[in-house]
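Worksheet for the structure shown next.
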Amino acid sequence: MASRLADSVFLFMGPHQSPFGSQKIASFHSPGICQLKWDGLQLKGIKQSRCSVPTKRNNFIQAVAIPVAPSSPDSAEYRKQLAESYGFKQIGEPLPENVTLRDVIESLPKKVFEIDDVKAWRSVLISATSYALGLFMISKAPWYLLPLAWAWTGTAVTGFFVIGHDCAHKSFSKNKLVEDIVGNLAFLPLIYPYEPWRFKHDKHHAKTNMLAEDTAWHPVWKGEFDEVPLLRKALIFAYGPFRPWMSIGHWYLWHFDLNKFRPNEVKRVKISLASVFAFMAIGWPLIIFKTGVMGWIKYWLMPWLGYHFWMSTFTMVHHTAPHIPFKPSDKWNAAQAQLNGTVHCDYPRWIEILCHDINVHIPHHVSPRIPSYNLKAAHESLQQNWGKYMNEAKWNWRLMKTIMTVCHVYDETKNYVSFEEVAPEESQPIKFLKRLMPDYA
């Protein structure tokens with residue numbers, strides 16, 4: 001039980017909170033003034049308002065307030081208010097049950113599935129050049145500029161992951177041996193075993209946001225949270241302040257244990273593990289020999305932590321929001337999970353270039369066979385045909401704050417319940433985040 005809970009520390013999903021409090025409309029009057037005041041509308045960005053009606057001194061006006069019912073959860077106005085509250089640009093309409101994933105895939109132009117060797121190797125050149133530039137910046141930067149150099153280099157090395165990611169989905173090259181070699185090599189600087197990740201990632205695509213089956217992220221199970229008090233603090237910190245680096249735990253727990261793989265997968269898993277351990281055994285001592293332990297921290301560890309920041313952030317933003325449900329297998333729908341349950345998020349352009357547009361994520365989940373350099377064209381097609389069903393955001397503080405302070409424990413009716421509701425006395429890290437993080441959208 002404890003090991004299962006430990007695994008859940010590094011998975012995830014979350015609560016749907018109604019943005020409406022009870023609406024009250026109170027009337028006030030004094031000689032010459034009639035005022036109406038609205039209380040209780042708690043959506044961000046919506047202010048209380050007053051209206052004043054001047055009258056003659058001897059007139060008496062009685063204001064009769066008729067409460068207006070909140071917008072329907074299915075209405076465009078409700079989704080607009082919800083989007084503003086959560087930090088989204090758009091929250092999509094529910095996808096009709098009769099729409100299949102094949103319907104969505106067949107609406108895409110065939111050219112977005114085409115592999116272009118020139119574009120594929122150009123992405124390798126971009127990542128190699130930007131990574132080399134980052135290492136040069138680290139070597140020359142004064143101490144006070146090192147964080148900027150690390151941020152650049154960590155983002156650049158994330159591009160290597162995206163190249164290996166394309167290889168795993170058979171969208172990098174028509175030569176599968178080339179994909180296996182490039183995929184393993186691209187993952188080596190990250191000490192990420194390529195084949196174990198590929199096997200688990202395939203399951204993530206097959207069962208995105210399916211309860212107990214999705215291997216990428218998962219909400220905390222309340223029963224296990226209650227049963228193992230010793231791990232409560234670890235879970236609260238992991239899903240709260242440490243969430244932008246939670247992929248480190250996922251990397252460690254899911255990819256090095258041979259017992260987590262089928263017998264026909266073990267041979268390839270062992271080859272990838274041997275490659276990673278060889279890199280650590282040869283590469284790390286060489287770095288330390290040339291630059292010392294502090295050089296290992298500067299040139300490898302800090303960019304590696306930068307990579308995991310993006311790995312965690314991209315994944316949680318793509319698949320976690322209070323309105324996006326995890327569902328049991330008997331209620332799960334592939335089209336709803338991939339099109340309606342995945343989030344497109346815009347980042348600063350330099351990040352999108354270095355990370356090869358992996359943030360354009362909805363078409364990637366509609367069909368993983370779309371190469372990264374075709375994701376934008378595929379997204380435009382999806383917007384034309386299915387745009388009203390899509391969730392879209394621009395990376396902002398309110399979006400991150402919503403995920404990190406709300407999306408914690410699985411709840412069947414609300415999707416997520418915050419740790420503050422489940423264990424208020426132990427949720428100081430979440431309260432601290434609420435005070436610390438800005439609310440800008």
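Chain identifiers are assigned as A, B, and so on, following the order in which chains appear in the structure tokens; residues are numbered from 1 within each chain, and ligands are numbered from 1 in order of appearance.
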Open item on the list: At a cut-off of 8 Å, using only C-alpha atoms, what residues contact stretch 136-141 of chain A? Leave out same-chain residues fewer than 3 positions from it and give the result as JSON, numbers by chain.
Closed with: {"A": [132, 133, 144, 145, 146, 149, 150, 298, 299]}
Task: Spatial neighbours of stretch 385-390 of chain A, 12 Å, only C-alpha atoms, chain gap at least 3 places, as number ranges by chain - done: A: 74, 76, 79-80, 83, 88-96, 99, 101, 103-109, 318, 324, 335-345, 360-363, 366, 378-382, 393
Open item on the list: Residues within 8 Å of stretch 166-169 of chain A, please, as a list in words. Count only C-alpha atoms; anything in the same chain fewer than 2 positions from it doesn't count.
Closed with: Val162, Ile163, Gly164, Ser171, Phe172, Ser173, Glu179, Asp180, Val182, Gly183, Arg198, Pro368, Arg369, Pro371 and Ser372 of chain A
Same residues, N, CA and C atoms, saved as a tab-separated table (two decimals), in the first residue's frame:
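Below is the file that was written, again25.tsv:
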```tsv
chain	number	residue	atom	x	y	z
A	162	VAL	N	12.35	16.13	-26.58
A	162	VAL	CA	11.28	16.17	-27.59
A	162	VAL	C	11.70	15.41	-28.84
A	163	ILE	N	12.98	15.46	-29.21
A	163	ILE	CA	13.47	14.69	-30.36
A	163	ILE	C	13.32	13.20	-30.08
A	164	GLY	N	13.76	12.76	-28.88
A	164	GLY	CA	13.57	11.36	-28.51
A	164	GLY	C	12.10	10.98	-28.44
A	171	SER	N	7.73	9.15	-35.45
A	171	SER	CA	7.43	10.32	-36.27
A	171	SER	C	8.69	11.14	-36.57
A	172	PHE	N	9.88	10.54	-36.33
A	172	PHE	CA	11.13	11.25	-36.61
A	172	PHE	C	11.72	10.85	-37.95
A	173	SER	N	11.73	9.55	-38.23
A	173	SER	CA	12.36	9.04	-39.45
A	173	SER	C	11.59	7.83	-39.95
A	179	GLU	N	15.65	5.77	-35.68
A	179	GLU	CA	14.85	6.29	-34.56
A	179	GLU	C	15.29	5.69	-33.23
A	180	ASP	N	15.59	4.39	-33.21
A	180	ASP	CA	16.03	3.77	-31.96
A	180	ASP	C	17.37	4.36	-31.50
A	182	VAL	N	18.81	7.37	-32.41
A	182	VAL	CA	18.67	8.80	-32.07
A	182	VAL	C	17.90	8.95	-30.76
A	183	GLY	N	16.85	8.16	-30.57
A	183	GLY	CA	16.07	8.25	-29.34
A	183	GLY	C	16.90	7.96	-28.10
A	198	ARG	N	9.49	4.87	-23.26
A	198	ARG	CA	8.64	4.67	-24.45
A	198	ARG	C	7.48	3.73	-24.13
A	368	PRO	N	-0.39	10.65	-32.09
A	368	PRO	CA	1.03	10.77	-31.77
A	368	PRO	C	1.94	10.63	-32.99
A	369	ARG	N	1.41	10.20	-34.13
A	369	ARG	CA	2.21	10.04	-35.34
A	369	ARG	C	2.48	11.37	-36.05
A	371	PRO	N	4.53	14.53	-36.58
A	371	PRO	CA	5.84	15.04	-36.16
A	371	PRO	C	5.72	16.40	-35.48
A	372	SER	N	6.66	16.70	-34.61
A	372	SER	CA	6.59	17.94	-33.84
A	372	SER	C	6.55	19.17	-34.73
```
Could you give me, as a compact mmCIF listing (two decimals) with all heavy atoms, in the first residue's frame, the residues within 12 Å of A:Asn359, counting only C-alpha atoms and dropping anything in the same chain fewer than 4 positions from it?
```txt
# COMPACT_ATOMS: atom_id res chain seq x y z
N THR A 158 15.82 20.23 -22.97
CA THR A 158 14.46 19.71 -23.10
C THR A 158 14.14 19.41 -24.56
O THR A 158 13.37 18.49 -24.87
CB THR A 158 13.44 20.73 -22.53
OG1 THR A 158 13.78 21.03 -21.17
CG2 THR A 158 12.02 20.18 -22.57
N GLY A 159 14.76 20.17 -25.48
CA GLY A 159 14.60 19.89 -26.90
C GLY A 159 15.09 18.50 -27.27
O GLY A 159 14.52 17.84 -28.14
N VAL A 162 12.35 16.13 -26.58
CA VAL A 162 11.28 16.17 -27.59
C VAL A 162 11.70 15.41 -28.84
O VAL A 162 10.87 14.73 -29.48
CB VAL A 162 10.90 17.62 -27.93
CG1 VAL A 162 9.81 17.67 -29.00
CG2 VAL A 162 10.43 18.36 -26.67
N TRP A 310 10.60 21.95 -16.86
CA TRP A 310 9.75 21.98 -18.05
C TRP A 310 8.99 20.66 -18.23
O TRP A 310 7.83 20.66 -18.62
CB TRP A 310 10.57 22.30 -19.29
CG TRP A 310 11.02 23.71 -19.34
CD1 TRP A 310 12.29 24.19 -19.42
CD2 TRP A 310 10.18 24.88 -19.28
NE1 TRP A 310 12.31 25.56 -19.41
CE2 TRP A 310 11.03 26.00 -19.33
CE3 TRP A 310 8.81 25.08 -19.19
CZ2 TRP A 310 10.54 27.31 -19.30
CZ3 TRP A 310 8.32 26.38 -19.16
CH2 TRP A 310 9.16 27.47 -19.22
N MET A 311 9.64 19.55 -17.95
CA MET A 311 8.97 18.25 -18.08
C MET A 311 7.73 18.21 -17.17
O MET A 311 6.64 17.80 -17.60
CB MET A 311 9.94 17.14 -17.68
CG MET A 311 9.37 15.74 -17.79
SD MET A 311 9.15 15.23 -19.50
CE MET A 311 8.78 13.49 -19.25
N THR A 313 6.18 20.89 -15.73
CA THR A 313 5.24 21.97 -16.04
C THR A 313 4.43 21.67 -17.29
O THR A 313 3.20 21.81 -17.31
CB THR A 313 6.00 23.30 -16.21
OG1 THR A 313 6.65 23.62 -14.97
CG2 THR A 313 5.05 24.42 -16.59
N PHE A 314 5.10 21.24 -18.36
CA PHE A 314 4.37 20.90 -19.58
C PHE A 314 3.33 19.83 -19.31
O PHE A 314 2.17 19.93 -19.74
CB PHE A 314 5.34 20.39 -20.66
CG PHE A 314 6.21 21.45 -21.28
CD1 PHE A 314 7.42 21.11 -21.85
CD2 PHE A 314 5.82 22.77 -21.31
CE1 PHE A 314 8.24 22.08 -22.44
CE2 PHE A 314 6.62 23.75 -21.88
CZ PHE A 314 7.83 23.40 -22.45
N THR A 315 3.74 18.78 -18.59
CA THR A 315 2.82 17.65 -18.38
C THR A 315 1.63 18.04 -17.53
O THR A 315 0.49 17.68 -17.84
CB THR A 315 3.58 16.47 -17.74
OG1 THR A 315 4.74 16.17 -18.52
CG2 THR A 315 2.69 15.24 -17.68
N MET A 316 1.86 18.78 -16.45
CA MET A 316 0.72 19.12 -15.59
C MET A 316 -0.22 20.10 -16.29
O MET A 316 -1.45 19.99 -16.17
CB MET A 316 1.18 19.66 -14.24
CG MET A 316 1.80 21.03 -14.23
SD MET A 316 1.97 21.69 -12.55
CE MET A 316 3.73 21.81 -12.41
N VAL A 317 0.33 21.05 -17.05
CA VAL A 317 -0.53 22.00 -17.75
C VAL A 317 -1.31 21.30 -18.86
O VAL A 317 -2.49 21.60 -19.10
CB VAL A 317 0.30 23.17 -18.32
CG1 VAL A 317 -0.53 24.02 -19.26
CG2 VAL A 317 0.84 24.03 -17.18
N HIS A 318 -0.70 20.32 -19.52
CA HIS A 318 -1.38 19.62 -20.62
C HIS A 318 -2.58 18.80 -20.15
O HIS A 318 -3.53 18.59 -20.91
CB HIS A 318 -0.41 18.67 -21.32
CG HIS A 318 0.64 19.37 -22.12
ND1 HIS A 318 1.86 18.78 -22.44
CD2 HIS A 318 0.67 20.59 -22.68
CE1 HIS A 318 2.57 19.63 -23.17
NE2 HIS A 318 1.87 20.73 -23.31
N HIS A 319 -2.54 18.32 -18.92
CA HIS A 319 -3.53 17.31 -18.53
C HIS A 319 -4.22 17.57 -17.20
O HIS A 319 -4.97 16.72 -16.74
CB HIS A 319 -2.87 15.93 -18.49
CG HIS A 319 -2.28 15.51 -19.80
ND1 HIS A 319 -3.05 15.22 -20.91
CD2 HIS A 319 -1.00 15.36 -20.19
CE1 HIS A 319 -2.26 14.90 -21.92
NE2 HIS A 319 -1.01 14.99 -21.52
N THR A 342 -7.33 17.50 -23.10
CA THR A 342 -5.94 17.93 -23.21
C THR A 342 -5.92 19.43 -23.43
O THR A 342 -6.84 19.98 -24.04
CB THR A 342 -5.24 17.18 -24.37
OG1 THR A 342 -5.36 15.77 -24.16
CG2 THR A 342 -3.77 17.55 -24.47
N VAL A 343 -4.89 20.09 -22.94
CA VAL A 343 -4.85 21.56 -22.96
C VAL A 343 -3.74 22.05 -23.89
O VAL A 343 -2.60 21.57 -23.83
CB VAL A 343 -4.60 22.12 -21.54
CG1 VAL A 343 -4.45 23.64 -21.57
CG2 VAL A 343 -5.73 21.70 -20.61
N HIS A 344 -4.09 22.99 -24.75
CA HIS A 344 -3.09 23.71 -25.53
C HIS A 344 -2.68 24.94 -24.74
O HIS A 344 -3.53 25.69 -24.26
CB HIS A 344 -3.67 24.15 -26.88
CG HIS A 344 -2.78 25.12 -27.61
ND1 HIS A 344 -1.74 24.71 -28.40
CD2 HIS A 344 -2.76 26.48 -27.63
CE1 HIS A 344 -1.13 25.78 -28.90
NE2 HIS A 344 -1.73 26.87 -28.44
N CYS A 345 -1.36 25.16 -24.61
CA CYS A 345 -0.88 26.32 -23.85
C CYS A 345 0.23 27.03 -24.63
O CYS A 345 1.17 26.39 -25.10
CB CYS A 345 -0.35 25.87 -22.48
SG CYS A 345 0.10 27.24 -21.40
N ASP A 346 0.09 28.33 -24.77
CA ASP A 346 1.11 29.15 -25.43
C ASP A 346 2.16 29.59 -24.42
O ASP A 346 1.82 30.06 -23.33
CB ASP A 346 0.47 30.38 -26.07
CG ASP A 346 -0.47 30.04 -27.21
OD1 ASP A 346 -0.12 29.15 -28.01
OD2 ASP A 346 -1.55 30.65 -27.30
N TYR A 347 3.44 29.44 -24.81
CA TYR A 347 4.56 29.87 -23.99
C TYR A 347 5.34 30.95 -24.74
O TYR A 347 5.12 31.16 -25.94
CB TYR A 347 5.48 28.68 -23.69
CG TYR A 347 4.88 27.66 -22.76
CD1 TYR A 347 4.00 26.69 -23.24
CD2 TYR A 347 5.16 27.66 -21.40
CE1 TYR A 347 3.43 25.75 -22.39
CE2 TYR A 347 4.60 26.73 -20.54
CZ TYR A 347 3.73 25.79 -21.03
OH TYR A 347 3.16 24.87 -20.18
N PRO A 348 6.27 31.66 -24.08
CA PRO A 348 7.12 32.59 -24.82
C PRO A 348 7.78 31.90 -26.01
O PRO A 348 8.17 30.73 -25.94
CB PRO A 348 8.16 33.02 -23.76
CG PRO A 348 7.41 32.90 -22.46
CD PRO A 348 6.52 31.69 -22.63
N ARG A 349 7.93 32.62 -27.11
CA ARG A 349 8.34 32.02 -28.38
C ARG A 349 9.67 31.30 -28.29
O ARG A 349 9.85 30.25 -28.91
CB ARG A 349 8.38 33.10 -29.47
CG ARG A 349 8.65 32.54 -30.86
CD ARG A 349 7.53 31.63 -31.34
NE ARG A 349 7.86 30.95 -32.58
CZ ARG A 349 7.68 29.66 -32.80
NH1 ARG A 349 7.15 28.89 -31.87
NH2 ARG A 349 7.99 29.13 -33.96
N ILE A 351 10.91 29.64 -25.88
CA ILE A 351 10.69 28.33 -25.27
C ILE A 351 10.09 27.37 -26.29
O ILE A 351 10.49 26.20 -26.39
CB ILE A 351 9.79 28.46 -24.03
CG1 ILE A 351 10.49 29.30 -22.96
CG2 ILE A 351 9.41 27.09 -23.48
CD1 ILE A 351 9.60 29.65 -21.78
N GLU A 352 9.12 27.83 -27.06
CA GLU A 352 8.49 26.98 -28.06
C GLU A 352 9.50 26.53 -29.12
O GLU A 352 9.46 25.39 -29.59
CB GLU A 352 7.31 27.73 -28.69
CG GLU A 352 6.20 28.03 -27.70
CD GLU A 352 5.03 28.78 -28.33
OE1 GLU A 352 5.20 29.30 -29.45
OE2 GLU A 352 3.97 28.84 -27.71
N ILE A 353 10.42 27.43 -29.51
CA ILE A 353 11.42 27.06 -30.51
C ILE A 353 12.37 26.01 -29.95
O ILE A 353 12.63 24.97 -30.59
CB ILE A 353 12.21 28.32 -30.96
CG1 ILE A 353 11.30 29.25 -31.77
CG2 ILE A 353 13.43 27.91 -31.80
CD1 ILE A 353 11.93 30.60 -32.08
N LEU A 354 12.92 26.25 -28.76
CA LEU A 354 13.89 25.31 -28.18
C LEU A 354 13.24 23.96 -27.85
O LEU A 354 13.92 22.93 -27.87
CB LEU A 354 14.52 25.91 -26.93
CG LEU A 354 15.41 27.15 -27.12
CD1 LEU A 354 16.11 27.51 -25.81
CD2 LEU A 354 16.44 26.93 -28.22
N CYS A 355 11.94 23.97 -27.55
CA CYS A 355 11.24 22.73 -27.18
C CYS A 355 10.41 22.17 -28.33
O CYS A 355 9.57 21.28 -28.12
CB CYS A 355 10.36 22.97 -25.95
SG CYS A 355 11.31 23.42 -24.48
N PRO A 363 -3.12 18.25 -30.85
CA PRO A 363 -2.96 17.36 -32.01
C PRO A 363 -2.05 16.17 -31.72
O PRO A 363 -2.24 15.10 -32.28
CB PRO A 363 -2.37 18.28 -33.09
CG PRO A 363 -1.87 19.47 -32.38
CD PRO A 363 -2.72 19.63 -31.17
N HIS A 364 -1.07 16.37 -30.85
CA HIS A 364 -0.20 15.25 -30.50
C HIS A 364 -0.98 14.14 -29.81
O HIS A 364 -0.69 12.95 -30.01
CB HIS A 364 0.94 15.73 -29.60
CG HIS A 364 1.78 14.62 -29.07
ND1 HIS A 364 2.55 13.80 -29.88
CD2 HIS A 364 1.96 14.15 -27.80
CE1 HIS A 364 3.17 12.90 -29.14
NE2 HIS A 364 2.82 13.08 -27.88
N HIS A 365 -1.99 14.50 -29.02
CA HIS A 365 -2.79 13.47 -28.36
C HIS A 365 -3.88 12.92 -29.28
O HIS A 365 -4.32 11.78 -29.10
CB HIS A 365 -3.38 13.99 -27.06
CG HIS A 365 -2.55 13.62 -25.88
ND1 HIS A 365 -2.80 12.52 -25.10
CD2 HIS A 365 -1.42 14.17 -25.39
CE1 HIS A 365 -1.88 12.42 -24.15
NE2 HIS A 365 -1.03 13.41 -24.31
N SER A 372 6.66 16.70 -34.61
CA SER A 372 6.59 17.94 -33.84
C SER A 372 6.55 19.17 -34.73
O SER A 372 5.88 20.16 -34.41
CB SER A 372 7.77 18.03 -32.87
OG SER A 372 9.00 17.96 -33.57
N TYR A 373 7.24 19.12 -35.88
CA TYR A 373 7.28 20.29 -36.76
C TYR A 373 5.98 20.49 -37.54
O TYR A 373 5.80 21.48 -38.22
CB TYR A 373 8.47 20.22 -37.72
CG TYR A 373 8.68 18.86 -38.36
CD1 TYR A 373 7.93 18.44 -39.46
CD2 TYR A 373 9.63 17.99 -37.84
CE1 TYR A 373 8.11 17.20 -40.02
CE2 TYR A 373 9.83 16.74 -38.41
CZ TYR A 373 9.08 16.34 -39.50
OH TYR A 373 9.27 15.09 -40.05
N LEU A 375 2.95 20.07 -35.82
CA LEU A 375 1.91 20.22 -34.80
C LEU A 375 1.12 21.52 -34.96
O LEU A 375 -0.09 21.54 -34.75
CB LEU A 375 2.53 20.16 -33.40
CG LEU A 375 3.01 18.77 -32.95
CD1 LEU A 375 3.74 18.87 -31.60
CD2 LEU A 375 1.85 17.79 -32.85
N LYS A 376 1.78 22.60 -35.34
CA LYS A 376 1.07 23.86 -35.49
C LYS A 376 0.04 23.80 -36.63
O LYS A 376 -1.08 24.29 -36.49
CB LYS A 376 2.06 25.00 -35.73
CG LYS A 376 2.76 25.45 -34.46
CD LYS A 376 3.45 26.78 -34.65
CE LYS A 376 3.88 27.35 -33.31
NZ LYS A 376 4.51 28.68 -33.46
N HIS A 379 -2.81 21.81 -35.43
CA HIS A 379 -3.62 22.55 -34.46
C HIS A 379 -4.57 23.53 -35.16
O HIS A 379 -5.73 23.67 -34.77
CB HIS A 379 -2.71 23.31 -33.49
CG HIS A 379 -3.44 24.03 -32.41
ND1 HIS A 379 -3.97 23.39 -31.31
CD2 HIS A 379 -3.76 25.34 -32.26
CE1 HIS A 379 -4.57 24.27 -30.54
NE2 HIS A 379 -4.46 25.46 -31.09
N GLU A 392 -7.82 25.98 -24.18
CA GLU A 392 -6.64 26.74 -24.56
C GLU A 392 -6.27 27.74 -23.47
O GLU A 392 -7.14 28.31 -22.81
CB GLU A 392 -6.86 27.47 -25.89
CG GLU A 392 -7.15 26.52 -27.04
CD GLU A 392 -7.11 27.21 -28.40
OE1 GLU A 392 -6.93 28.45 -28.43
OE2 GLU A 392 -7.26 26.52 -29.42
N ALA A 393 -4.95 27.91 -23.28
CA ALA A 393 -4.46 28.82 -22.25
C ALA A 393 -3.17 29.48 -22.73
O ALA A 393 -2.56 29.05 -23.71
CB ALA A 393 -4.21 28.06 -20.95
N LYS A 394 -2.80 30.52 -22.04
CA LYS A 394 -1.48 31.12 -22.18
C LYS A 394 -0.81 30.99 -20.82
O LYS A 394 -1.41 31.30 -19.79
CB LYS A 394 -1.59 32.59 -22.59
CG LYS A 394 -0.25 33.26 -22.82
CD LYS A 394 -0.42 34.70 -23.32
CE LYS A 394 0.93 35.35 -23.59
NZ LYS A 394 0.77 36.74 -24.08
N TRP A 395 0.41 30.51 -20.80
CA TRP A 395 1.09 30.24 -19.54
C TRP A 395 1.09 31.48 -18.66
O TRP A 395 1.55 32.55 -19.08
CB TRP A 395 2.52 29.78 -19.83
CG TRP A 395 3.22 29.16 -18.66
CD1 TRP A 395 2.70 28.24 -17.80
CD2 TRP A 395 4.56 29.40 -18.24
NE1 TRP A 395 3.64 27.88 -16.86
CE2 TRP A 395 4.79 28.58 -17.11
CE3 TRP A 395 5.58 30.21 -18.71
CZ2 TRP A 395 6.02 28.56 -16.45
CZ3 TRP A 395 6.81 30.19 -18.04
CH2 TRP A 395 7.01 29.37 -16.93
```
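Going from atom CA of A:Ser272 to atom CA of A:Tyr192 covers 8.5 Å.
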Per-residue nearest contacts stretch 271-337 of chain A to stretch 246-264 of chain A, cut-off 8 Å, using only C-alpha atoms, as JSON lines:
```
{"residue": "A:Leu273", "atom": "CA", "partner": "A:Phe256", "partner_atom": "CA", "distance": 7.3}
{"residue": "A:His308", "atom": "CA", "partner": "A:Ser247", "partner_atom": "CA", "distance": 6.1}
{"residue": "A:Phe309", "atom": "CA", "partner": "A:Ser247", "partner_atom": "CA", "distance": 8.0}
{"residue": "A:Met311", "atom": "CA", "partner": "A:Ser247", "partner_atom": "CA", "distance": 6.5}
{"residue": "A:Ser312", "atom": "CA", "partner": "A:Ser247", "partner_atom": "CA", "distance": 5.2}
```
- [ ] Within 10 Å of stretch 410-423 of chain A, counting only C-alpha atoms, which residues show up once you throw out same-chain ones fewer than 2 positions away? Write them as an MDAnalysis selection string, please.
- [x] chainID A and resid 12:18 211 218:223 225:226 232 235:236 239:240 320:328 403:408 425:431
Write a file of the selected residues as a PDB file, in the first residue's frame, keeping C-alpha atoms.
```
ATOM      1  CA  PHE A  12      -1.931  13.469 -10.816  1.00  0.00           C
ATOM      2  CA  MET A  13      -5.441  15.265 -11.475  1.00  0.00           C
ATOM      3  CA  GLY A  14      -8.047  17.635  -9.755  1.00  0.00           C
ATOM      4  CA  PRO A  15     -11.248  19.430  -8.321  1.00  0.00           C
ATOM      5  CA  HIS A  16     -13.912  21.318 -10.018  1.00  0.00           C
ATOM      6  CA  GLN A  17     -14.973  24.187  -7.810  1.00  0.00           C
ATOM      7  CA  SER A  18     -18.088  26.098  -8.642  1.00  0.00           C
ATOM      8  CA  LEU A 211      -8.247   6.416 -13.454  1.00  0.00           C
ATOM      9  CA  HIS A 218      -2.803  10.983 -11.529  1.00  0.00           C
ATOM     10  CA  PRO A 219      -4.765  12.557  -8.669  1.00  0.00           C
ATOM     11  CA  VAL A 220      -4.118  11.437  -5.113  1.00  0.00           C
ATOM     12  CA  TRP A 221      -6.465   8.719  -3.856  1.00  0.00           C
ATOM     13  CA  LYS A 222      -8.196   9.940  -0.691  1.00  0.00           C
ATOM     14  CA  GLY A 223      -8.336   6.475   0.871  1.00  0.00           C
ATOM     15  CA  PHE A 225      -3.978   9.589   1.750  1.00  0.00           C
ATOM     16  CA  ASP A 226      -6.020   8.892   4.906  1.00  0.00           C
ATOM     17  CA  ARG A 232       0.749  12.900   3.857  1.00  0.00           C
ATOM     18  CA  LEU A 235       2.234  14.190  -0.892  1.00  0.00           C
ATOM     19  CA  ILE A 236       1.293  17.734   0.132  1.00  0.00           C
ATOM     20  CA  TYR A 239       1.640  18.163  -5.293  1.00  0.00           C
ATOM     21  CA  GLY A 240       2.187  21.675  -3.928  1.00  0.00           C
ATOM     22  CA  THR A 320      -4.573  18.971 -15.267  1.00  0.00           C
ATOM     23  CA  ALA A 321      -7.318  21.485 -14.553  1.00  0.00           C
ATOM     24  CA  PRO A 322     -10.244  21.592 -12.127  1.00  0.00           C
ATOM     25  CA  HIS A 323     -12.741  21.048 -14.957  1.00  0.00           C
ATOM     26  CA  ILE A 324     -10.898  18.145 -16.675  1.00  0.00           C
ATOM     27  CA  PRO A 325     -11.957  14.805 -15.175  1.00  0.00           C
ATOM     28  CA  PHE A 326     -10.147  11.536 -14.656  1.00  0.00           C
ATOM     29  CA  LYS A 327     -12.636   8.781 -15.404  1.00  0.00           C
ATOM     30  CA  PRO A 328     -12.853   5.050 -14.686  1.00  0.00           C
ATOM     31  CA  ILE A 403      -3.139  23.621 -10.543  1.00  0.00           C
ATOM     32  CA  MET A 404      -0.755  23.735  -7.589  1.00  0.00           C
ATOM     33  CA  THR A 405      -3.275  24.827  -4.935  1.00  0.00           C
ATOM     34  CA  VAL A 406      -6.497  23.134  -6.086  1.00  0.00           C
ATOM     35  CA  CYS A 407      -5.807  19.982  -8.146  1.00  0.00           C
ATOM     36  CA  HIS A 408      -4.865  17.421  -5.510  1.00  0.00           C
ATOM     37  CA  GLU A 425      -4.222  21.460   9.637  1.00  0.00           C
ATOM     38  CA  GLU A 426      -1.447  19.846   7.568  1.00  0.00           C
ATOM     39  CA  SER A 427      -1.826  22.024   4.472  1.00  0.00           C
ATOM     40  CA  GLN A 428       0.438  24.920   5.428  1.00  0.00           C
ATOM     41  CA  PRO A 429       2.513  24.474   2.216  1.00  0.00           C
ATOM     42  CA  ILE A 430      -0.629  25.001   0.140  1.00  0.00           C
ATOM     43  CA  LYS A 431      -1.658  28.045   2.184  1.00  0.00           C
TER      44      LYS A 431
END
```
Task: Proximity to A:Arg122 - best of A:His356, A:Val157, A:Lys331, A:Trp350, only C-alpha atoms - done: A:His356
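Minimum atom-to-atom distances from A:Ala216, A:Leu148, A:Leu301, A:Leu135 to A:Trp197 were compared using only C-alpha atoms, and the lowest value belongs to A:Ala216.
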